[in-house]
>>> print(open('protein-v3.txt').read())   # compact mmCIF, C-alpha atoms
# COMPACT_ATOMS: atom_id res chain seq x y z
CA MET E 51 -7.05 17.34 -3.31
CA THR E 52 -3.35 17.76 -4.04
CA PRO E 53 -0.34 15.43 -3.73
CA ALA E 54 0.42 17.14 -0.41
CA ASP E 55 -2.92 15.88 0.95
CA LEU E 56 -2.29 12.21 0.22
CA VAL E 57 -0.80 11.24 3.59
CA GLY E 58 -3.81 12.68 5.43
CA VAL E 59 -6.20 11.19 2.87
CA VAL E 60 -4.75 7.69 3.37
CA GLU E 61 -5.16 8.03 7.15
CA LEU E 62 -8.75 9.24 6.74
CA HIS E 63 -9.52 6.35 4.39
CA LYS E 64 -8.28 3.83 6.97
CA VAL E 65 -10.52 5.36 9.64
CA CYS E 66 -13.62 5.56 7.44
CA PHE E 67 -13.23 2.30 5.50
CA GLU E 68 -11.90 -0.08 8.14
CA GLY E 69 -12.50 -3.68 7.11
CA TYR E 70 -12.76 -2.92 3.39
CA PHE E 71 -10.80 -4.84 0.75
CA LEU E 72 -8.70 -1.89 -0.43
CA THR E 73 -7.90 -0.88 3.14
CA ALA E 74 -6.61 -4.36 3.88
CA LEU E 75 -4.19 -4.13 0.94
CA GLY E 76 -2.18 -1.48 2.80
CA ASP E 77 -1.12 2.14 2.57
CA ALA E 78 0.64 1.78 -0.79
CA ALA E 79 -2.51 0.53 -2.53
CA ILE E 80 -4.71 3.12 -0.84
CA GLY E 81 -2.32 5.90 -1.76
CA ALA E 82 -2.14 4.66 -5.35
CA LEU E 83 -5.92 5.04 -5.74
CA TYR E 84 -5.99 8.64 -4.56
CA SER E 85 -2.78 9.56 -6.37
CA ARG E 86 -4.35 8.30 -9.59
CA ALA E 87 -7.45 10.43 -8.92
CA VAL E 88 -5.29 13.53 -8.39
CA ASP E 89 -3.22 12.94 -11.54
CA ASP E 90 -5.99 11.85 -13.92
CA PRO E 91 -7.36 14.85 -15.87
CA LYS E 92 -10.74 13.10 -16.22
CA SER E 93 -11.14 12.63 -12.46
CA VAL E 94 -12.20 14.93 -9.62
CA ALA E 95 -10.80 14.68 -6.10
CA CYS E 96 -11.86 16.98 -3.25
CA VAL E 97 -11.05 17.21 0.45
CA LEU E 98 -12.77 18.85 3.39
CA GLN E 99 -10.32 20.53 5.79
CA ASP E 100 -10.52 22.40 9.06
CA ASP E 101 -8.66 25.64 9.82
CA SER E 102 -5.50 23.69 10.65
CA GLU E 103 -5.72 21.92 7.25
CA ARG E 104 -6.49 18.57 8.86
CA ILE E 105 -8.29 16.33 6.34
CA LEU E 106 -11.84 15.75 7.62
CA GLY E 107 -13.51 14.42 4.47
CA LEU E 108 -12.88 13.30 0.93
CA ALA E 109 -14.83 12.81 -2.28
CA VAL E 110 -13.35 11.19 -5.37
CA GLY E 111 -14.93 10.39 -8.71
CA THR E 112 -14.09 9.95 -12.37
CA LEU E 113 -15.44 10.47 -15.87
CA ASN E 114 -12.78 8.07 -17.12
CA PRO E 115 -14.13 4.57 -17.93
CA ALA E 116 -10.52 3.34 -17.98
CA PHE E 117 -9.74 4.71 -14.50
CA HIS E 118 -9.22 1.34 -12.83
CA THR E 119 -7.36 -0.02 -15.84
CA GLY E 120 -4.86 2.82 -15.62
CA LEU E 121 -4.65 2.51 -11.85
CA LEU E 122 -3.79 -1.17 -11.92
CA ARG E 123 -1.37 -0.83 -14.81
CA ARG E 124 0.49 1.99 -13.10
CA SER E 125 0.40 0.61 -9.57
CA PHE E 126 0.33 -3.14 -10.10
CA PRO E 127 3.24 -3.81 -7.68
CA ALA E 128 1.44 -2.02 -4.84
CA PHE E 129 -1.74 -4.00 -5.37
CA ALA E 130 0.00 -7.32 -6.04
CA GLY E 131 2.13 -6.89 -2.92
CA GLY E 132 -0.93 -6.08 -0.84
CA VAL E 133 -2.77 -9.13 -2.15
CA VAL E 134 0.13 -11.50 -1.49
CA ARG E 135 0.61 -10.19 2.05
CA GLY E 136 -3.11 -10.14 2.69
CA LEU E 137 -3.66 -13.72 1.58
CA PHE E 138 -1.63 -14.80 4.60
CA THR E 139 -2.65 -12.14 7.12
CA GLU E 140 -6.07 -10.66 6.27
CA ALA E 141 -9.36 -12.55 6.05
CA THR E 142 -10.81 -9.48 4.32
CA VAL E 143 -8.34 -9.94 1.46
CA ARG E 144 -9.00 -13.67 1.12
CA LYS E 145 -12.74 -13.05 0.98
CA GLY E 146 -12.33 -10.06 -1.33
CA ILE E 147 -10.22 -11.98 -3.84
CA GLY E 148 -12.99 -14.54 -4.24
CA GLU E 149 -15.59 -11.83 -4.74
CA ARG E 150 -13.46 -10.00 -7.31
CA LEU E 151 -12.26 -12.84 -9.55
CA GLY E 152 -14.58 -11.63 -12.29
CA PHE E 153 -12.85 -8.26 -12.22
CA VAL E 154 -9.47 -9.79 -13.03
CA SER E 155 -10.42 -10.27 -16.69
CA LYS E 156 -11.19 -6.55 -16.91
CA ILE E 157 -7.92 -5.28 -15.45
CA PHE E 158 -6.36 -4.52 -18.84
CA VAL E 159 -9.59 -3.67 -20.67
CA ALA E 160 -11.16 -0.20 -20.49
CA ARG E 161 -14.79 -0.74 -19.59
CA ALA E 162 -17.40 1.58 -18.17
CA ASP E 163 -19.76 0.57 -15.38
CA ASP E 164 -23.00 0.05 -17.29
CA THR E 165 -25.10 -1.13 -14.35
CA LEU E 166 -27.46 1.84 -14.55
CA GLU E 167 -28.22 1.23 -18.22
CA ARG E 168 -28.67 -2.52 -17.74
CA SER E 169 -31.09 -1.84 -14.89
CA GLY E 170 -33.38 0.15 -17.19
CA ILE E 171 -32.42 3.55 -15.79
CA THR E 172 -32.42 6.08 -18.62
CA PRO E 173 -28.85 7.11 -19.45
CA SER E 174 -27.90 10.77 -19.46
CA GLN E 175 -27.17 12.48 -22.80
CA PHE E 176 -23.83 13.64 -21.35
CA PRO E 177 -20.88 11.61 -20.02
CA GLU E 178 -21.48 9.88 -16.72
CA ALA E 179 -19.13 10.26 -13.78
CA ARG E 180 -18.89 7.65 -11.04
CA PHE E 181 -17.99 8.49 -7.49
CA LEU E 182 -15.38 6.15 -6.07
CA ASP E 183 -15.23 7.19 -2.41
CA VAL E 184 -17.08 9.71 -0.28
CA ALA E 185 -16.20 9.86 3.41
CA VAL E 186 -16.30 12.17 6.42
CA HIS E 187 -14.33 11.51 9.60
CA PRO E 188 -16.57 9.94 12.30
CA ASP E 189 -15.76 12.81 14.68
CA CYS E 190 -17.24 15.30 12.20
CA ARG E 191 -20.48 13.59 11.24
CA GLY E 192 -23.80 15.21 11.97
CA GLY E 193 -22.75 18.76 11.18
CA ARG E 194 -23.86 18.80 7.54
CA HIS E 195 -20.23 18.43 6.49
CA ALA E 196 -21.11 15.49 4.24
CA GLU E 197 -23.83 17.51 2.49
CA ARG E 198 -21.51 20.43 1.81
CA LEU E 199 -18.76 18.11 0.62
CA VAL E 200 -21.02 16.16 -1.76
CA GLU E 201 -22.65 19.30 -3.16
CA PHE E 202 -19.26 20.93 -3.79
CA PHE E 203 -17.92 17.70 -5.32
CA ALA E 204 -20.96 17.32 -7.60
CA GLY E 205 -20.53 20.89 -8.79
CA GLU E 206 -16.88 20.20 -9.67
CA VAL E 207 -17.85 17.01 -11.51
CA PHE E 208 -20.48 18.82 -13.58
CA ARG E 209 -18.04 21.63 -14.34
CA ALA E 210 -15.69 18.93 -15.65
CA GLY E 211 -18.32 18.03 -18.24
CA ALA E 212 -20.37 15.23 -16.70
CA GLY E 213 -24.11 15.14 -17.20
CA ARG E 214 -24.67 12.58 -14.48
CA LEU E 215 -22.91 11.67 -11.25
CA GLY E 216 -23.70 8.27 -9.82
CA GLY E 217 -22.43 5.39 -7.77
CA SER E 218 -23.53 2.48 -5.65
CA VAL E 219 -24.21 2.12 -1.95
CA LYS E 220 -24.74 -0.96 0.18
CA PRO E 221 -28.36 -1.24 1.40
CA ARG E 222 -27.09 -1.43 4.98
CA ASN E 223 -25.34 1.96 4.63
CA LEU E 224 -28.37 3.87 5.87
CA GLY E 225 -26.44 7.05 6.61
CA SER E 226 -25.36 7.43 3.00
CA LEU E 227 -28.80 6.57 1.64
CA ILE E 228 -30.41 9.18 3.90
CA LEU E 229 -27.80 11.72 2.76
CA TYR E 230 -28.44 11.19 -0.95
CA LYS E 231 -32.22 11.25 -0.50
CA ARG E 232 -31.93 14.50 1.47
CA LEU E 233 -29.86 15.98 -1.34
CA GLY E 234 -32.56 15.03 -3.86
CA TRP E 235 -30.61 12.31 -5.64
CA ASN E 236 -32.34 9.39 -7.35
CA VAL E 237 -32.13 6.19 -5.31
CA GLN E 238 -32.95 2.78 -6.76
CA LYS E 239 -32.15 -0.73 -5.59
CA THR E 240 -30.57 -2.60 -8.53
CA GLY E 241 -29.45 -5.81 -6.83
CA PRO E 242 -29.69 -7.75 -3.57
CA ASP E 243 -26.65 -5.97 -2.16
CA ARG E 244 -26.59 -2.78 -4.25
CA VAL E 245 -28.47 0.50 -4.34
CA ASP E 246 -27.63 2.88 -7.19
CA VAL E 247 -27.75 6.61 -6.48
CA TRP E 248 -27.36 9.34 -9.08
CA VAL E 249 -28.10 12.93 -9.93
CA ASP E 250 -28.29 14.61 -13.33
CA ARG E 251 -26.76 17.99 -14.04
CA GLU E 252 -30.11 19.57 -14.92
CA GLU E 253 -31.45 18.51 -11.50
>>> encode(input="protein-v3.txt", output="structure tokens")
Amino acid sequence: MTPADLVGVVELHKVCFEGYFLTALGDAAIGALYSRAVDDPKSVACVLQDDSERILGLAVGTLNPAFHTGLLRRSFPAFAGGVVRGLFTEATVRKGIGERLGFVSKIFVARADDTLERSGITPSQFPEARFLDVAVHPDCRGGRHAERLVEFFAGEVFRAGAGRLGGSVKPRNLGSLILYKRLGWNVQKTGPDRVDVWVDREE
């Protein structure tokens, strides 16, 4: 992913993540997330393109435990503006604010996601990377594009020094769970509305 891809990436995000909190905050907030991933030397951002360079898929992750801290510090106006607008116009934002109040205290504190360790899952001996978003355009699903994208992305993450790549998936997201199981990832439910998925470099 390069800065030149960001317009297409934002449009793809809106198609693939309709109804999500970040999407409801608007293009500026969405663009800020992916721009941060492109600029951050401890993050990996990949796109899947067709022959005409249309963006068909994206995969973004980070080895940086302070990723979101840096994102919100750098792009606070975009997020604050999206929240203020959304409070009056988007039920998704109003609901999302309530669900994320606990995150507010962490905005200016670098903190890694330690859910895997707290759940009893053995930590890797190398740094852990978290995927932030993985998506393939609905028109392109079913052609093993997601598999190729995730495998390429994982390879880039491991080349960047990670020993483990993981993230969380909603239990209702059966397509993603099937994908990660087919790729041989570990899959473990760690909460009523959370399934952790991860793969170690040696695997």
>>> atom_distance(input="protein-v3.txt", atom1="CA of Gly241 (chain E)", atom2="CA of Arg214 (chain E)")
20.5 Å
>>> residues_around(input="protein-v3.txt", residues="Ser93 (chain E)", least_positions_apart="6", cutoff="6 Å", atoms="all atoms listed in the file", output="PDB file with C-alpha atoms, in the frame of the given file")
ATOM      1  CA  ALA E  87      -7.450  10.430  -8.920  1.00  0.00           C
ATOM      2  CA  GLY E 111     -14.930  10.390  -8.710  1.00  0.00           C
ATOM      3  CA  THR E 112     -14.090   9.950 -12.370  1.00  0.00           C
ATOM      4  CA  LEU E 113     -15.440  10.470 -15.870  1.00  0.00           C
TER       5      LEU E 113
END
>>> atom_distance(input="protein-v3.txt", atom1="CA of Cys96 (chain E)", atom2="CA of Val245 (chain E)")
23.4 Å
>>> atom_distance(input="protein-v3.txt", atom1="CA of Leu121 (chain E)", atom2="CA of Ala82 (chain E)")
7.3 Å
>>> residues_around(input="protein-v3.txt", residues="Asp55 (chain E)", least_positions_apart="3", cutoff="12 Å", atoms="all atoms listed in the file", output="JSON, numbers by chain")
{"E": [51, 52, 58, 59, 60, 61, 62, 81, 84, 85, 88, 95, 96, 97, 98, 99, 103, 104, 105, 106, 107, 108]}
>>> closest_residue(input="protein-v3.txt", among="E:Ala116, E:Asp189, E:Ala79, E:Val249", to="Gly205 (chain E)", atoms="all atoms listed in the file")
E:Val249
>>> closest_residue(input="protein-v3.txt", among="E:Phe208, E:Tyr230, E:Trp235, E:Phe129", to="Ala196 (chain E)", atoms="all atoms listed in the file")
E:Tyr230
